[in-house]
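Below is run29.cif, which holds mmCIF, C-alpha atoms and all ligand atoms.
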```cif
data_protein
#
loop_
_atom_site.label_atom_id
_atom_site.label_comp_id
_atom_site.auth_asym_id
_atom_site.auth_seq_id
_atom_site.Cartn_x
_atom_site.Cartn_y
_atom_site.Cartn_z
CA MET K 1 44.93 -92.12 49.73
CA SER K 2 48.22 -91.58 51.50
CA ASN K 3 50.28 -91.83 48.31
CA ASN K 4 52.74 -89.02 47.71
CA LEU K 5 51.79 -87.12 50.83
CA THR K 6 54.66 -84.71 51.45
CA ILE K 7 55.64 -82.88 54.65
CA ILE K 8 57.52 -79.63 53.99
CA ALA K 9 59.29 -78.08 57.00
CA LEU K 10 60.23 -74.39 56.73
CA GLY K 11 63.18 -73.14 58.79
CA GLY K 12 62.87 -70.13 61.07
CA ASN K 13 65.03 -68.21 58.61
CA ALA K 14 62.27 -68.56 55.99
CA ILE K 15 60.35 -66.02 58.02
CA LEU K 16 63.09 -64.05 59.76
CA PRO K 17 66.50 -64.13 58.05
CA LYS K 18 69.61 -63.42 60.10
CA GLY K 19 69.97 -59.68 60.77
CA ALA K 20 66.34 -58.88 59.96
CA ARG K 21 64.51 -56.59 62.42
CA GLY K 22 61.24 -58.44 62.06
CA THR K 23 58.92 -55.69 60.90
CA PRO K 24 55.57 -56.84 59.50
CA GLU K 25 56.66 -55.66 56.02
CA GLU K 26 59.82 -57.79 56.22
CA GLN K 27 57.87 -60.82 57.37
CA TRP K 28 55.34 -60.54 54.55
CA ARG K 29 58.17 -60.19 52.03
CA THR K 30 60.08 -63.25 53.25
CA VAL K 31 57.01 -65.45 53.71
CA GLU K 32 55.70 -64.51 50.27
CA LYS K 33 59.08 -65.47 48.80
CA ALA K 34 58.83 -68.84 50.57
CA ALA K 35 55.27 -69.28 49.32
CA LEU K 36 56.36 -68.67 45.72
CA GLN K 37 58.92 -71.48 46.13
CA LEU K 38 56.22 -73.86 47.37
CA VAL K 39 53.74 -73.07 44.58
CA GLU K 40 55.71 -75.02 41.98
CA ILE K 41 55.61 -78.11 44.20
CA ILE K 42 51.94 -77.68 45.08
CA GLU K 43 50.93 -77.25 41.43
CA GLU K 44 52.50 -80.64 40.72
CA ASN K 45 51.29 -82.37 43.90
CA PRO K 46 48.81 -80.61 46.19
CA ARG K 47 48.99 -83.32 48.89
CA VAL K 48 51.20 -81.20 51.09
CA ILE K 49 51.47 -80.46 54.81
CA ILE K 50 53.58 -77.42 55.73
CA THR K 51 55.34 -77.12 59.08
CA HIS K 52 57.46 -74.25 60.40
CA GLY K 53 59.91 -73.16 63.09
CA ASN K 54 59.21 -70.35 65.59
CA GLY K 55 62.51 -69.62 67.41
CA PRO K 56 62.65 -65.88 66.64
CA GLN K 57 58.90 -65.40 67.16
CA VAL K 58 58.61 -67.26 70.46
CA GLY K 59 61.66 -65.31 71.69
CA TYR K 60 59.96 -62.06 70.66
CA LEU K 61 56.80 -62.91 72.61
CA VAL K 62 58.63 -64.02 75.76
CA GLU K 63 60.56 -60.76 75.61
CA ALA K 64 57.31 -58.81 75.26
CA PHE K 65 55.91 -60.64 78.32
CA GLU K 66 59.04 -59.67 80.26
CA ASN K 67 58.38 -56.01 79.54
CA LEU K 68 54.74 -55.90 80.58
CA PRO K 69 53.83 -53.27 83.20
CA PRO K 70 53.87 -54.49 86.84
CA GLY K 71 50.75 -56.41 87.75
CA LYS K 72 49.97 -57.56 84.19
CA PRO K 73 50.13 -61.35 84.18
CA ARG K 74 52.72 -63.07 82.02
CA GLN K 75 51.59 -65.88 79.75
CA THR K 76 53.27 -69.29 79.82
CA LEU K 77 55.60 -70.73 77.19
CA ASP K 78 53.03 -73.21 75.84
CA ILE K 79 50.64 -70.28 75.26
CA ALA K 80 53.46 -68.37 73.52
CA VAL K 81 54.02 -71.36 71.20
CA ALA K 82 50.27 -71.42 70.47
CA MET K 83 50.39 -67.70 69.64
CA THR K 84 53.21 -68.28 67.14
CA GLN K 85 51.14 -70.98 65.43
CA GLY K 86 48.41 -68.40 64.80
CA TRP K 87 50.90 -65.70 63.82
CA LEU K 88 52.88 -67.77 61.33
CA GLY K 89 49.86 -69.83 60.31
CA TYR K 90 48.27 -66.59 59.18
CA LEU K 91 51.35 -65.36 57.32
CA ILE K 92 51.84 -68.69 55.52
CA THR K 93 48.21 -69.49 54.63
CA HIS K 94 47.48 -65.94 53.49
CA SER K 95 50.67 -65.71 51.41
CA LEU K 96 50.00 -69.09 49.77
CA ASP K 97 46.40 -68.12 49.07
CA ARG K 98 47.62 -64.97 47.33
CA VAL K 99 50.28 -66.63 45.17
CA LEU K 100 48.26 -69.69 44.14
CA SER K 101 45.97 -69.07 41.20
CA GLY K 102 43.38 -70.81 39.05
CA SER K 103 39.75 -71.68 39.64
CA ASN K 104 40.46 -75.00 41.38
CA LYS K 105 43.20 -73.82 43.69
CA PRO K 106 43.34 -75.81 46.93
CA ARG K 107 41.87 -74.59 50.20
CA ILE K 108 44.45 -73.84 52.89
CA ALA K 109 44.12 -74.08 56.66
CA ALA K 110 46.40 -73.80 59.69
CA VAL K 111 45.67 -76.19 62.54
CA VAL K 112 46.58 -75.37 66.14
CA THR K 113 48.55 -78.50 66.99
CA ARG K 114 49.45 -80.07 70.35
CA VAL K 115 52.22 -82.62 70.70
CA MET K 116 52.56 -85.08 73.56
CA VAL K 117 55.85 -85.30 75.42
CA SER K 118 56.86 -87.31 78.48
CA ARG K 119 57.43 -85.73 81.91
CA ARG K 120 60.15 -88.38 82.29
CA ASP K 121 62.03 -87.10 79.22
CA PRO K 122 65.69 -86.50 80.23
CA ALA K 123 65.42 -83.08 78.53
CA PHE K 124 63.61 -81.80 81.66
CA GLN K 125 66.77 -82.45 83.70
CA ASN K 126 68.91 -80.74 81.10
CA PRO K 127 67.21 -77.79 79.35
CA THR K 128 69.18 -76.85 76.23
CA LYS K 129 66.96 -74.66 74.07
CA PHE K 130 67.85 -70.93 74.30
CA ILE K 131 64.96 -68.50 74.07
CA GLY K 132 64.45 -64.76 74.49
CA SER K 133 66.84 -62.00 75.57
CA TYR K 134 70.48 -61.95 76.62
CA TYR K 135 71.33 -60.98 80.22
CA THR K 136 74.41 -60.31 82.34
CA ARG K 137 75.39 -62.89 84.95
CA GLU K 138 73.95 -60.75 87.76
CA GLU K 139 70.61 -60.27 85.96
CA ALA K 140 70.52 -63.99 85.21
CA GLU K 141 71.00 -64.90 88.87
CA LYS K 142 68.21 -62.49 89.82
CA LEU K 143 65.84 -64.06 87.27
CA THR K 144 66.61 -67.52 88.63
CA ARG K 145 65.80 -66.33 92.18
CA GLU K 146 62.67 -64.39 91.23
CA ARG K 147 61.13 -66.49 88.48
CA GLY K 148 62.81 -69.86 88.82
CA TRP K 149 64.20 -69.67 85.30
CA VAL K 150 67.13 -71.86 84.33
CA MET K 151 69.80 -69.59 82.82
CA LYS K 152 72.87 -70.70 80.83
CA PRO K 153 75.66 -68.90 79.02
CA ASP K 154 74.85 -68.69 75.32
CA PRO K 155 77.81 -69.49 73.02
CA ARG K 156 77.17 -66.09 71.37
CA GLY K 157 77.84 -64.36 74.73
CA GLY K 158 75.65 -63.39 77.68
CA TYR K 159 73.16 -65.47 79.66
CA ARG K 160 69.81 -66.63 78.36
CA ARG K 161 66.88 -68.60 79.59
CA VAL K 162 67.00 -72.25 78.52
CA VAL K 163 63.94 -74.43 78.30
CA PRO K 164 63.64 -78.19 77.87
CA SER K 165 63.31 -79.55 74.33
CA PRO K 166 61.64 -82.92 74.92
CA LYS K 167 61.14 -85.55 72.25
CA PRO K 168 57.78 -85.42 70.43
CA LEU K 169 55.89 -88.67 71.10
CA LYS K 170 52.49 -88.14 69.46
CA VAL K 171 50.79 -85.42 67.46
CA LEU K 172 47.33 -85.02 68.98
CA GLU K 173 45.83 -83.42 65.86
CA ALA K 174 47.32 -85.95 63.39
CA GLU K 175 43.94 -87.44 62.47
CA VAL K 176 42.24 -84.12 61.85
CA VAL K 177 45.22 -82.96 59.78
CA LYS K 178 45.00 -86.18 57.74
CA SER K 179 41.28 -85.76 57.05
CA LEU K 180 41.80 -82.16 55.93
CA VAL K 181 44.54 -83.28 53.53
CA ASP K 182 42.36 -86.12 52.25
CA SER K 183 39.61 -83.56 51.57
CA GLY K 184 42.01 -81.70 49.26
CA ALA K 185 43.23 -78.96 51.60
CA ILE K 186 46.79 -77.82 52.16
CA VAL K 187 47.45 -77.82 55.89
CA VAL K 188 49.89 -75.89 58.06
CA ALA K 189 50.54 -77.92 61.24
CA VAL K 190 52.93 -78.59 64.18
CA GLY K 191 54.08 -74.96 64.00
CA GLY K 192 57.13 -74.33 66.18
CA GLY K 193 57.27 -78.09 66.88
CA GLY K 194 53.77 -78.08 68.38
CA ILE K 195 52.35 -77.04 71.76
CA PRO K 196 53.78 -79.44 74.34
CA VAL K 197 51.38 -81.30 76.64
CA ASP K 198 52.15 -84.28 78.89
CA GLU K 199 50.65 -87.78 79.22
CA ASN K 200 47.83 -86.32 81.36
CA LEU K 201 47.22 -83.49 78.88
CA GLU K 202 48.70 -80.94 81.28
CA PRO K 203 50.42 -78.05 79.44
CA VAL K 204 54.22 -78.22 79.51
CA GLU K 205 56.60 -75.25 79.40
CA ALA K 206 59.01 -76.40 76.71
CA VAL K 207 59.80 -75.92 73.02
CA ILE K 208 59.78 -79.04 70.84
CA ASP K 209 62.16 -79.27 67.88
CA LYS K 210 60.18 -78.58 64.70
CA ASP K 211 62.15 -81.05 62.54
CA LEU K 212 61.54 -83.95 64.96
CA ALA K 213 57.86 -82.96 65.27
CA SER K 214 57.54 -82.82 61.47
CA ALA K 215 58.96 -86.34 61.14
CA ARG K 216 56.56 -87.56 63.85
CA LEU K 217 53.56 -86.02 62.05
CA GLY K 218 54.76 -87.46 58.73
CA ILE K 219 54.94 -90.94 60.23
CA GLU K 220 51.48 -90.63 61.81
CA VAL K 221 49.71 -89.42 58.64
CA GLY K 222 51.49 -91.93 56.38
CA ALA K 223 53.55 -89.45 54.37
CA SER K 224 56.07 -90.81 51.90
CA ARG K 225 58.30 -87.77 51.76
CA LEU K 226 59.81 -85.33 54.26
CA ILE K 227 61.42 -82.17 52.89
CA ILE K 228 63.31 -79.94 55.34
CA LEU K 229 64.07 -76.52 53.85
CA THR K 230 66.69 -74.30 55.44
CA ASP K 231 69.44 -71.79 54.57
CA VAL K 232 72.17 -74.19 53.39
CA PRO K 233 72.22 -76.34 50.20
CA GLY K 234 72.04 -79.60 52.15
CA VAL K 235 74.03 -81.72 54.59
CA ALA K 236 77.82 -81.56 54.65
CA LEU K 237 80.53 -83.66 56.24
CA ASN K 238 83.20 -81.55 57.97
CA TYR K 239 80.90 -78.54 57.61
CA GLY K 240 82.89 -75.29 57.49
CA LYS K 241 86.18 -77.19 57.91
CA PRO K 242 88.88 -78.47 55.59
CA GLY K 243 87.61 -81.47 53.67
CA GLU K 244 84.03 -80.18 53.64
CA LYS K 245 81.93 -82.48 51.48
CA TRP K 246 78.27 -81.96 50.55
CA LEU K 247 76.17 -85.10 50.44
CA GLY K 248 73.76 -85.92 47.59
CA ARG K 249 71.99 -89.27 47.89
CA VAL K 250 72.82 -91.14 51.12
CA MET K 251 71.68 -94.52 52.42
CA LEU K 252 70.23 -94.81 55.91
CA ASP K 253 73.15 -96.83 57.34
CA GLU K 254 75.68 -94.41 55.91
CA ILE K 255 74.06 -91.27 57.40
CA LYS K 256 73.71 -93.05 60.76
CA LYS K 257 77.46 -93.65 60.72
CA TYR K 258 78.14 -89.95 59.94
CA TYR K 259 75.71 -88.95 62.69
CA ALA K 260 77.58 -91.12 65.21
CA GLU K 261 80.87 -89.55 64.06
CA GLY K 262 79.54 -86.15 65.21
CA HIS K 263 79.19 -84.26 61.91
CA PHE K 264 75.81 -82.76 62.84
CA PRO K 265 75.64 -80.52 65.94
CA PRO K 266 72.61 -80.47 68.26
CA GLY K 267 70.33 -77.48 67.82
CA SER K 268 70.98 -77.05 64.08
CA MET K 269 71.79 -79.86 61.60
CA GLY K 270 71.60 -82.61 64.27
CA PRO K 271 67.80 -82.66 64.65
CA LYS K 272 67.29 -82.42 60.88
CA VAL K 273 69.40 -85.55 60.29
CA GLN K 274 67.84 -87.34 63.28
CA ALA K 275 64.33 -86.45 62.02
CA SER K 276 65.26 -87.75 58.55
CA ILE K 277 66.59 -91.03 59.96
CA GLU K 278 63.43 -91.58 62.04
CA PHE K 279 61.16 -90.75 59.09
CA VAL K 280 62.92 -93.02 56.57
CA GLU K 281 63.19 -95.89 59.07
CA ALA K 282 59.50 -95.75 59.93
CA THR K 283 58.00 -95.11 56.47
CA GLY K 284 60.48 -96.47 53.93
CA GLY K 285 60.09 -93.08 52.21
CA VAL K 286 62.69 -90.45 51.36
CA ALA K 287 63.80 -87.50 53.52
CA SER K 288 65.41 -84.49 51.85
CA ILE K 289 67.28 -81.54 53.34
CA GLY K 290 68.04 -78.53 51.17
CA SER K 291 67.80 -74.83 50.54
CA LEU K 292 64.46 -73.02 50.60
CA GLY K 293 65.61 -71.04 47.56
CA GLU K 294 65.82 -74.32 45.61
CA ALA K 295 62.68 -75.94 47.01
CA TYR K 296 61.37 -77.30 43.71
CA ARG K 297 64.74 -78.78 42.71
CA VAL K 298 65.04 -80.37 46.15
CA TYR K 299 61.54 -81.84 45.64
CA LYS K 300 62.67 -83.24 42.25
CA MET K 301 65.86 -84.57 43.92
CA GLU K 302 68.01 -82.42 41.62
CA ALA K 303 69.45 -80.44 44.55
CA GLY K 304 69.93 -81.08 48.27
CA THR K 305 70.72 -84.16 50.35
CA HIS K 306 68.43 -87.18 50.14
CA ILE K 307 68.29 -89.91 52.76
CA VAL K 308 66.99 -93.09 51.21
CA PRO K 309 66.17 -96.48 52.75
CA GLY K 310 68.52 -99.45 52.45
P1 LIG C 401 66.47 -73.80 60.67
O1 LIG C 401 66.07 -72.47 61.22
O2 LIG C 401 66.20 -73.93 59.20
O3 LIG C 401 65.99 -74.98 61.47
P2 LIG C 401 69.16 -74.28 61.80
O4 LIG C 401 70.02 -73.11 62.13
O5 LIG C 401 68.50 -75.01 62.91
O6 LIG C 401 68.09 -73.78 60.71
O7 LIG C 401 70.02 -75.36 60.95
C1 LIG C 401 70.65 -74.99 59.72
C2 LIG C 401 72.11 -74.63 59.98
O8 LIG C 401 72.87 -75.81 60.31
C3 LIG C 401 72.87 -74.08 58.79
O9 LIG C 401 72.69 -72.69 58.67
C4 LIG C 401 74.33 -74.47 59.08
O10 LIG C 401 75.04 -73.34 59.52
C5 LIG C 401 74.25 -75.47 60.21
N1 LIG C 401 75.02 -76.72 60.07
C6 LIG C 401 75.67 -77.33 61.10
N2 LIG C 401 76.26 -78.46 60.71
C7 LIG C 401 75.98 -78.61 59.39
C8 LIG C 401 76.31 -79.63 58.43
N3 LIG C 401 77.03 -80.71 58.77
N4 LIG C 401 75.89 -79.46 57.15
C9 LIG C 401 75.16 -78.38 56.83
N5 LIG C 401 74.81 -77.39 57.69
C10 LIG C 401 75.21 -77.50 58.97
MG MG C 402 66.45 -75.37 63.61
#
```
Turn the structure described in the file into structure tokens.
Amino acid sequence: MSNNLTIIALGGNAILPKGARGTPEEQWRTVEKAALQLVEIIEENPRVIITHGNGPQVGYLVEAFENLPPGKPRQTLDIAVAMTQGWLGYLITHSLDRVLSGSNKPRIAAVVTRVMVSRRDPAFQNPTKFIGSYYTREEAEKLTRERGWVMKPDPRGGYRRVVPSPKPLKVLEAEVVKSLVDSGAIVVAVGGGGIPVDENLEPVEAVIDKDLASARLGIEVGASRLIILTDVPGVALNYGKPGEKWLGRVMLDEIKKYYAEGHFPPGSMGPKVQASIEFVEATGGVASIGSLGEAYRVYKMEAGTHIVPG
């Protein structure tokens, strides 16, 4: 039953492109565009699980919490991640439902997904994931005193809250996702990397990387293909530098060597390549990274970068 099961990960830019204000109209437009790209794949193979990022949306919510009137309680980061799963789950399932046609079109459901992380993960000693607003140094110091937030200078300028990005160990809803897929449904899962909980099922204030979480889910449901869609045509060596070279088909050992040479920075291409390596190593399947605008050609391996076993 697990044959040809494909995990498709949508980048945050699929929902909120750079420079967009994030109005509901804009979001519907961009998500519908993404949905149209996926329809071609789904019509050929409906055994699909869709995952998505949530960076802009979780930042928006945390910012909204910051601006609540005095006395109104703020919600925690794990609850904010859960809210983005509902928000984007709605946009994606509704858009897909509208663009798919025919009498036997698949059912679609979004599953609120929790992902287990370890309290001993070194990420808790070194939070790296920027979320929310930008502050001056003075404001940042005040927030650290008053709320205990860890603040770091963002490379773009200003100070921002950083939260830990621990490694996803286990997707708690993997079995239920698998049974929905086996019943013929298209499932949206591990949104925003999943809601982090620890070994004792205590909620954790962190944001898990969505590419690593997608690979984890793919391994647990027995997928044979991972497709990571973003805003570049694939993976490049010397990206943005002289000697830039875009990769087509790459063997596992070769991409590991490039990874060790430092071609893929943390926080952007790094986790995509790491997720691909983990997926291919564990499943013997193929992991592809490519542009959302060319989703079907990436699926057919006519565009994008493809990490293959061997
Ligand atoms: P997403 O929201 O889809 O997860 P990210 O910003 O996390 O997107 O990652 C995609 C970005 O990675 C691209 O926009 C590109 O600027 C950057 N990038 C960094 N290194 C590379 C590389 N070696 N090859 C291709 N893109 C790279
Ligand atoms: Mg990313």
- request: Extract, using all atoms listed in the file, all DNA, RNA and protein residues at most 9 Å from Glu199 of chain K, discarding same-chain residues fewer than 5 positions from it, and format them as a ChimeraX atom specification.
  value: /K:116-119
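Remark: for Glu294 of chain K, the closest of the candidate residues K:Lys33, K:Arg216, K:Arg74, K:Lys167 is K:Lys33 (distances computed over all atoms listed in the file).
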field: Within 9 Å of ligand MG 402 (chain C) (all atoms listed in the file), residues as a list of chain:residue names
entry: K:Gly11, K:Gly12, K:Asn13, K:Gly53, K:Gly55, K:Asp209, K:Lys210, K:Asp211, K:Thr230, K:Gly267, K:Ser268, K:Met269, K:Gly270, K:Pro271, K:Lys272
Within-12 Å shell of (67.3, -62.0, 77.2) in input frame, all atoms listed in the file, as a short mmCIF file (atom, residue, chain, number, x, y, z; two decimals) with C-alpha atoms, in the coordinates of the input:
```cif
data_model
loop_
_atom_site.label_atom_id
_atom_site.label_comp_id
_atom_site.auth_asym_id
_atom_site.auth_seq_id
_atom_site.Cartn_x
_atom_site.Cartn_y
_atom_site.Cartn_z
CA GLY K 59 61.66 -65.31 71.69
CA TYR K 60 59.96 -62.06 70.66
CA LEU K 61 56.80 -62.91 72.61
CA VAL K 62 58.63 -64.02 75.76
CA GLU K 63 60.56 -60.76 75.61
CA ALA K 64 57.31 -58.81 75.26
CA PHE K 65 55.91 -60.64 78.32
CA GLU K 66 59.04 -59.67 80.26
CA ASN K 67 58.38 -56.01 79.54
CA PHE K 130 67.85 -70.93 74.30
CA ILE K 131 64.96 -68.50 74.07
CA GLY K 132 64.45 -64.76 74.49
CA SER K 133 66.84 -62.00 75.57
CA TYR K 134 70.48 -61.95 76.62
CA TYR K 135 71.33 -60.98 80.22
CA THR K 136 74.41 -60.31 82.34
CA ARG K 137 75.39 -62.89 84.95
CA GLU K 139 70.61 -60.27 85.96
CA ALA K 140 70.52 -63.99 85.21
CA LEU K 143 65.84 -64.06 87.27
CA TRP K 149 64.20 -69.67 85.30
CA MET K 151 69.80 -69.59 82.82
CA LYS K 152 72.87 -70.70 80.83
CA PRO K 153 75.66 -68.90 79.02
CA ASP K 154 74.85 -68.69 75.32
CA GLY K 157 77.84 -64.36 74.73
CA GLY K 158 75.65 -63.39 77.68
CA TYR K 159 73.16 -65.47 79.66
CA ARG K 160 69.81 -66.63 78.36
CA ARG K 161 66.88 -68.60 79.59
CA VAL K 162 67.00 -72.25 78.52
#
```
task: Quick one: everything within 12 Å of Lys300 of chain K, counting all atoms listed in the file, minus sequence neighbours fewer than 2 positions away in the same chain. Send it as a count of residues only.
output: 19
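For the choices K:Glu138, K:Asp253, K:Glu175, K:Glu244, the atom-to-atom distance to ligand LIG 401 (chain C) is smallest for K:Glu244 when using all atoms listed in the file.
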